[in-house]
>>> print(open('run_3.cif').read())   # mmCIF, C-alpha atoms
data_run
#
loop_
_atom_site.label_atom_id
_atom_site.label_comp_id
_atom_site.auth_asym_id
_atom_site.auth_seq_id
_atom_site.Cartn_x
_atom_site.Cartn_y
_atom_site.Cartn_z
CA MET A 1 0.00 0.00 0.00
CA GLU A 2 1.38 3.43 -1.00
CA ALA A 3 0.58 4.97 2.39
CA LEU A 4 2.77 2.48 4.22
CA SER A 5 5.54 2.90 1.66
CA LEU A 6 5.51 6.69 2.04
CA CYS A 7 5.58 6.48 5.83
CA GLU A 8 8.57 4.14 5.67
CA LYS A 9 10.50 6.44 3.31
CA ARG A 10 9.63 9.88 4.67
CA ALA A 11 8.90 11.61 7.98
CA VAL A 12 5.19 12.05 7.28
CA ARG A 13 3.48 14.33 9.83
CA ALA A 14 -0.04 14.54 8.41
CA ALA A 15 -2.16 13.07 5.63
CA VAL A 16 -4.89 14.99 3.82
CA LEU A 17 -7.49 12.57 2.47
CA LEU A 18 -10.71 13.05 0.54
CA PRO A 19 -12.42 9.63 0.70
CA ASN A 20 -15.96 10.67 -0.25
CA PHE A 21 -16.50 11.47 -3.97
CA ALA A 22 -13.00 12.82 -4.37
CA ASN A 23 -12.04 15.56 -6.78
CA PRO A 24 -11.30 14.97 -9.65
CA THR A 25 -12.37 11.34 -10.07
CA GLY A 26 -15.55 11.33 -7.98
CA SER A 27 -14.43 8.07 -6.37
CA LEU A 28 -15.71 6.69 -3.07
CA MET A 29 -13.04 4.98 -0.98
CA PRO A 30 -14.00 1.35 -0.14
CA GLU A 31 -14.41 0.40 3.51
CA GLU A 32 -11.46 -2.00 3.44
CA ARG A 33 -9.16 0.71 2.13
CA ARG A 34 -10.40 3.13 4.79
CA ARG A 35 -9.44 0.63 7.50
CA GLU A 36 -6.01 0.18 5.91
CA TRP A 37 -5.39 3.91 5.86
CA MET A 38 -6.33 4.40 9.50
CA LYS A 39 -4.20 1.44 10.56
CA VAL A 40 -1.16 2.87 8.78
CA LEU A 41 -1.72 6.43 10.06
CA GLN A 42 -2.05 5.35 13.67
CA ALA A 43 0.85 2.90 13.50
CA ASN A 44 3.15 5.63 12.17
CA GLY A 45 1.95 8.58 14.25
CA VAL A 46 0.46 10.51 11.33
CA ALA A 47 -2.28 13.07 11.91
CA LEU A 48 -5.36 12.95 9.67
CA VAL A 49 -7.00 15.85 7.89
CA GLU A 50 -10.19 14.57 6.25
CA ASP A 51 -11.74 16.81 3.60
CA ASP A 52 -15.45 15.98 3.34
CA VAL A 53 -16.56 18.83 1.12
CA TYR A 54 -18.51 16.46 -1.17
CA GLY A 55 -19.77 13.99 1.42
CA ASP A 56 -23.31 15.43 1.50
CA LEU A 57 -23.79 14.75 -2.22
CA ALA A 58 -24.34 10.99 -2.04
CA TRP A 59 -26.89 10.08 -4.68
CA ASP A 60 -28.64 7.45 -2.55
CA GLY A 61 -29.23 9.99 0.23
CA HIS A 62 -26.98 8.20 2.71
CA LYS A 63 -23.89 10.18 3.69
CA PRO A 64 -20.81 7.90 3.74
CA GLY A 65 -18.92 7.29 6.96
CA LEU A 66 -16.03 9.43 8.09
CA LEU A 67 -12.43 8.37 8.60
CA SER A 68 -12.06 11.04 11.25
CA ALA A 69 -14.67 9.32 13.43
CA THR A 70 -12.19 6.50 14.12
CA PRO A 71 -10.93 6.77 17.74
CA ARG A 72 -7.20 7.32 18.28
CA GLU A 73 -5.07 6.49 21.27
CA ASP A 74 -1.84 8.23 20.23
CA GLY A 75 -2.96 11.77 21.07
CA LEU A 76 -2.71 12.97 17.47
CA PRO A 77 -5.69 14.66 15.86
CA ASN A 78 -8.27 13.47 13.41
CA LEU A 79 -9.42 16.73 11.83
CA LEU A 80 -12.61 16.94 9.76
CA VAL A 81 -12.87 19.90 7.40
CA GLY A 82 -15.68 20.80 5.06
CA SER A 83 -17.51 23.62 3.34
CA LEU A 84 -20.98 24.69 2.26
CA SER A 85 -19.62 26.12 -0.99
CA LYS A 86 -20.43 22.96 -2.95
CA THR A 87 -23.92 22.49 -1.58
CA LEU A 88 -25.59 25.58 -0.15
CA LEU A 89 -23.63 28.83 -0.55
CA PRO A 90 -21.34 28.99 -3.60
CA GLY A 91 -19.02 31.91 -2.97
CA GLY A 92 -20.24 32.22 0.61
CA ARG A 93 -16.85 31.30 2.06
CA VAL A 94 -18.37 29.29 4.89
CA GLY A 95 -16.47 26.23 6.03
CA TYR A 96 -15.99 24.27 9.22
CA ILE A 97 -13.50 22.23 11.20
CA VAL A 98 -14.39 19.47 13.66
CA ALA A 99 -11.64 18.54 16.14
CA ARG A 100 -11.13 17.54 19.74
CA SER A 101 -9.51 19.67 22.41
CA PRO A 102 -6.78 20.96 22.53
CA TRP A 103 -6.51 20.97 18.75
CA ILE A 104 -9.69 22.95 18.12
CA GLU A 105 -8.51 25.77 20.41
CA ARG A 106 -5.17 25.93 18.63
CA LEU A 107 -6.90 26.00 15.25
CA ALA A 108 -9.22 28.78 16.43
CA ASP A 109 -6.17 30.85 17.43
CA LEU A 110 -4.53 30.28 14.05
CA LYS A 111 -7.75 31.17 12.24
CA CYS A 112 -8.04 34.43 14.18
CA THR A 113 -4.46 35.49 13.51
CA SER A 114 -4.59 34.59 9.82
CA THR A 115 -7.93 36.12 8.74
CA LEU A 116 -9.04 38.28 11.72
CA ALA A 117 -12.72 38.27 10.68
CA ASN A 118 -15.24 35.95 9.04
CA ALA A 119 -17.97 36.38 6.43
CA THR A 120 -20.52 36.91 9.20
CA LEU A 121 -23.60 37.43 7.02
CA SER A 122 -22.94 34.17 5.16
CA GLU A 123 -22.36 32.41 8.48
CA HIS A 124 -25.68 33.61 9.90
CA VAL A 125 -27.49 32.49 6.74
CA ALA A 126 -25.80 29.09 6.91
CA ALA A 127 -26.58 28.71 10.61
CA GLU A 128 -30.27 29.43 10.03
CA CYS A 129 -30.45 27.00 7.11
CA LEU A 130 -28.84 24.24 9.16
CA ALA A 131 -30.91 24.85 12.29
CA SER A 132 -34.25 25.06 10.45
CA GLY A 133 -33.86 21.85 8.42
CA MET A 134 -33.76 23.82 5.18
CA PHE A 135 -30.35 22.38 4.31
CA GLU A 136 -31.66 18.80 4.26
CA ARG A 137 -34.65 19.86 2.13
CA HIS A 138 -32.31 21.69 -0.21
CA LEU A 139 -30.17 18.57 -0.64
CA ARG A 140 -33.23 16.49 -1.51
CA HIS A 141 -33.80 18.87 -4.42
CA LEU A 142 -30.16 19.47 -5.36
CA VAL A 143 -28.76 15.94 -5.44
CA PRO A 144 -31.26 14.40 -7.93
CA GLY A 145 -30.61 17.29 -10.29
CA ILE A 146 -26.85 16.68 -10.16
CA ARG A 147 -27.36 12.96 -10.70
CA THR A 148 -29.52 13.69 -13.75
CA GLY A 149 -26.82 15.98 -15.13
CA ILE A 150 -24.13 13.33 -14.69
CA THR A 151 -26.33 10.69 -16.34
CA ARG A 152 -26.90 13.00 -19.30
CA LEU A 153 -23.17 13.70 -19.56
CA ARG A 154 -22.33 10.00 -19.63
CA GLY A 155 -24.89 9.46 -22.39
CA CYS A 156 -23.50 12.34 -24.45
CA ILE A 157 -19.97 11.00 -24.10
CA ALA A 158 -21.06 7.53 -25.20
CA ARG A 159 -22.72 8.98 -28.31
CA GLN A 160 -20.34 11.77 -29.31
CA PHE A 161 -16.80 11.02 -28.13
CA PRO A 162 -14.29 8.93 -30.11
CA ALA A 163 -14.34 5.15 -29.80
CA GLY A 164 -12.20 3.95 -26.92
CA THR A 165 -13.20 6.76 -24.56
CA ARG A 166 -13.83 5.57 -21.01
CA VAL A 167 -15.76 7.39 -18.30
CA SER A 168 -16.24 6.97 -14.56
CA ASP A 169 -19.51 5.87 -12.96
CA PRO A 170 -19.64 7.81 -9.66
CA LYS A 171 -22.13 7.33 -6.82
CA GLY A 172 -22.12 10.93 -5.64
CA GLY A 173 -20.64 14.37 -6.14
CA PHE A 174 -20.75 16.15 -9.49
CA PHE A 175 -17.57 15.13 -11.31
CA LEU A 176 -16.98 12.78 -14.22
CA TRP A 177 -13.46 11.51 -14.89
CA VAL A 178 -12.92 10.82 -18.58
CA GLU A 179 -10.11 8.80 -20.16
CA LEU A 180 -9.57 9.70 -23.81
CA PRO A 181 -8.13 7.27 -26.39
CA TRP A 182 -4.36 6.98 -26.76
CA GLY A 183 -2.85 9.85 -28.69
CA THR A 184 -5.31 12.49 -27.41
CA ASP A 185 -3.95 15.33 -25.27
CA SER A 186 -6.55 16.80 -22.91
CA LEU A 187 -4.60 20.05 -22.53
CA ALA A 188 -4.75 20.58 -26.30
CA LEU A 189 -8.45 19.73 -26.12
CA PHE A 190 -8.92 22.29 -23.34
CA ARG A 191 -7.31 25.03 -25.42
CA ALA A 192 -9.28 24.18 -28.55
CA ALA A 193 -12.59 23.87 -26.67
CA LEU A 194 -12.11 27.18 -24.87
CA LYS A 195 -12.05 28.94 -28.25
CA GLU A 196 -15.55 27.53 -28.85
CA GLY A 197 -16.88 28.52 -25.44
CA VAL A 198 -16.63 25.13 -23.73
CA SER A 199 -14.55 24.58 -20.59
CA LEU A 200 -13.08 21.45 -19.00
CA ALA A 201 -10.34 20.58 -16.54
CA PRO A 202 -7.40 18.80 -18.23
CA GLY A 203 -5.86 15.93 -16.32
CA CYS A 204 -2.40 17.47 -16.16
CA ILE A 205 -3.50 19.99 -13.51
CA PHE A 206 -4.24 17.15 -11.10
CA SER A 207 -0.78 15.55 -11.21
CA LEU A 208 2.72 16.59 -10.23
CA GLY A 209 4.32 13.59 -11.87
CA GLY A 210 2.54 13.49 -15.21
CA GLY A 211 0.73 10.51 -16.66
CA LEU A 212 -2.72 12.11 -16.86
CA ASP A 213 -2.42 13.77 -20.27
CA ARG A 214 -5.28 11.66 -21.70
CA PHE A 215 -7.65 12.40 -18.82
CA LEU A 216 -10.06 15.24 -18.14
CA ARG A 217 -12.65 16.21 -15.55
CA LEU A 218 -16.16 17.32 -16.40
CA ASN A 219 -18.62 19.03 -14.06
CA GLY A 220 -22.14 17.56 -14.07
CA ALA A 221 -23.52 20.59 -12.22
CA ALA A 222 -22.43 23.03 -14.92
CA SER A 223 -25.05 25.15 -16.65
CA GLY A 224 -25.64 25.42 -20.37
CA ASP A 225 -26.53 23.09 -23.23
CA LEU A 226 -24.78 19.83 -22.28
CA ASP A 227 -25.57 18.10 -25.56
CA GLN A 228 -24.11 20.94 -27.60
CA ALA A 229 -21.04 21.26 -25.35
CA MET A 230 -20.30 17.51 -25.43
CA GLY A 231 -20.75 17.55 -29.19
CA VAL A 232 -18.03 20.19 -29.41
CA LEU A 233 -15.68 18.22 -27.14
CA GLY A 234 -16.32 14.95 -28.97
CA ARG A 235 -15.64 16.51 -32.37
CA LEU A 236 -12.46 18.20 -31.20
CA ALA A 237 -11.23 15.09 -29.41
CA ALA A 238 -11.58 13.12 -32.64
CA GLN A 239 -9.73 15.80 -34.58
CA LEU A 240 -6.87 15.84 -32.06
CA GLN A 241 -6.18 12.12 -32.12
CA THR A 242 -2.69 11.35 -33.47
#
>>> encode(input="run_3.cif", output="structure tokens")
Amino acid sequence: MEALSLCEKRAVRAAVLLPNFANPTGSLMPEERRREWMKVLQANGVALVEDDVYGDLAWDGHKPGLLSATPREDGLPNLLVGSLSKTLLPGGRVGYIVARSPWIERLADLKCTSTLANATLSEHVAAECLASGMFERHLRHLVPGIRTGITRLRGCIARQFPAGTRVSDPKGGFFLWVELPWGTDSLALFRAALKEGVSLAPGCIFSLGGGLDRFLRLNGAASGDLDQAMGVLGRLAAQLQT
């Protein structure tokens, strides 16, 4: 397992993990792999920072479990961080951290010295939405719409992209991870598509070591004519094959 290998080779202090509908692939970490990660982190004295920004977007309505809920006996923190920017308040700059004492007090001090003030209006709006039950009602409307958008995207890709294209089949979130046929550069596709008013995230921006040149990320929550946009991407992808 790569986690154990890294801990053996380097002095790892903390691990930042995104197990629930991770960006960019939309993947959901299996339970067995979650147990492996926590075993390795605790055995090697590595703190956990779990990013659960997409965890509320499970398509079956059941939020996945949290790694950070696993008890620790080594005194190191399991930190849970999240945001309402992907679900309730885009641009609202409202996030949260869940941690035990004394870590939460230390984090509060660091937050105060780094930003001084918060977006108080957005926080009050978020607090009211959470306390009133509006957030849960909002999710019941939001999540099916995202799932419909992803389903439409997958259908468009199957019809309009070159033969040999592969696409993920997520269970939550709003990302699709697309693997283009050999010889297709997603960065070149990004540049060509942008000239025609269509945007995507090329795979190269998600890797420090390369190897993702044929991959791209699509957003199923994006607005606009999906059929027309996917037609543009499919046509350009075919033209760019070498």
>>> resolve_selection(input="run_3.cif", expression="the PyMOL selection byres ((chain A and resi 175-179) around 7)", output="PyMOL selection string")
chain A and resi 24-26+165-168+173-174+180-181+214-220
>>> closest_residue(input="run_3.cif", among="A:Pro162, A:Gly133, A:Pro77, A:Gly211", to="A:Ala237", atoms="only C-alpha atoms")
A:Pro162
>>> atom_distance(input="run_3.cif", atom1="atom CA of A:Trp103", atom2="atom CA of A:Ala119")
22.8 Å
>>> closest_residue(input="run_3.cif", among="A:Ala193, A:Val198, A:Leu57, A:Ala238", to="A:Asp225", atoms="only C-alpha atoms")
A:Val198
>>> residues_around(input="run_3.cif", residues="A:Leu76", least_positions_apart="3", cutoff="8 Å", atoms="all atoms listed in the file", output="list in words")
Gly45, Val46, Ala47, Arg72 and Glu73 of chain A
>>> resolve_selection(input="run_3.cif", expression="the PyMOL selection byres ((chain A and resi 12) around 12)", output="list of chain:residue names")
A:Ala3, A:Leu4, A:Ser5, A:Leu6, A:Cys7, A:Glu8, A:Lys9, A:Arg10, A:Ala11, A:Arg13, A:Ala14, A:Ala15, A:Val16, A:Val40, A:Leu41, A:Gln42, A:Ala43, A:Asn44, A:Gly45, A:Val46, A:Ala47, A:Leu48
>>> closest_residue(input="run_3.cif", among="A:Glu196, A:Asp56, A:Glu50, A:Asp213", to="A:Ser68", atoms="all atoms listed in the file")
A:Glu50
>>> resolve_selection(input="run_3.cif", expression="the PyMOL selection byres ((chain A and resi 125-128) around 12)", output="PyMOL selection string")
chain A and resi 83-85+87-90+92-96+119-124+129-135
>>> closest_residue(input="run_3.cif", among="A:Gly210, A:Gly183, A:Pro71, A:Gly224", to="A:Leu240", atoms="only C-alpha atoms")
A:Gly183
>>> atom_distance(input="run_3.cif", atom1="atom CA of A:Pro64", atom2="atom CA of A:Asn20")
6.9 Å
>>> atom_distance(input="run_3.cif", atom1="atom CA of A:Asp60", atom2="atom CA of A:Val143")
9.0 Å
>>> residues_around(input="run_3.cif", residues="A:Ser101", least_positions_apart="2", cutoff="12 Å", atoms="only C-alpha atoms", output="PyMOL selection string")
chain A and resi 75-79+98-99+103-108
>>> residues_around(input="run_3.cif", residues="A:Phe21", least_positions_apart="5", cutoff="7 Å", atoms="all atoms listed in the file", output="PyMOL selection string")
chain A and resi 26-28+54-55+172-173
>>> residues_around(input="run_3.cif", residues="A:Arg152", least_positions_apart="5", cutoff="9 Å", atoms="only C-alpha atoms", output="list in words")
Arg147, Ile157, Gly220, Leu226 and Asp227 of chain A
>>> closest_residue(input="run_3.cif", among="A:Val49, A:Lys171, A:Gly209, A:Asn23", to="A:Lys63", atoms="all atoms listed in the file")
A:Lys171
>>> closest_residue(input="run_3.cif", among="A:Gly65, A:Trp59, A:Pro30, A:Gly91", to="A:Ile146", atoms="only C-alpha atoms")
A:Trp59
>>> axis_aligned_box(input="run_3.cif", around="stretch 129-137 of chain A", padding_each_side="4 Å", output="AutoDock Vina command-line options")
--center_x -31.7 --center_y 22.9 --center_z 7.2 --size_x 13.8 --size_y 16.2 --size_z 18.2
>>> residues_around(input="run_3.cif", residues="stretch 31-34 of chain A", least_positions_apart="3", cutoff="8 Å", atoms="only C-alpha atoms", output="number ranges by chain")
A: 19, 37-38, 67
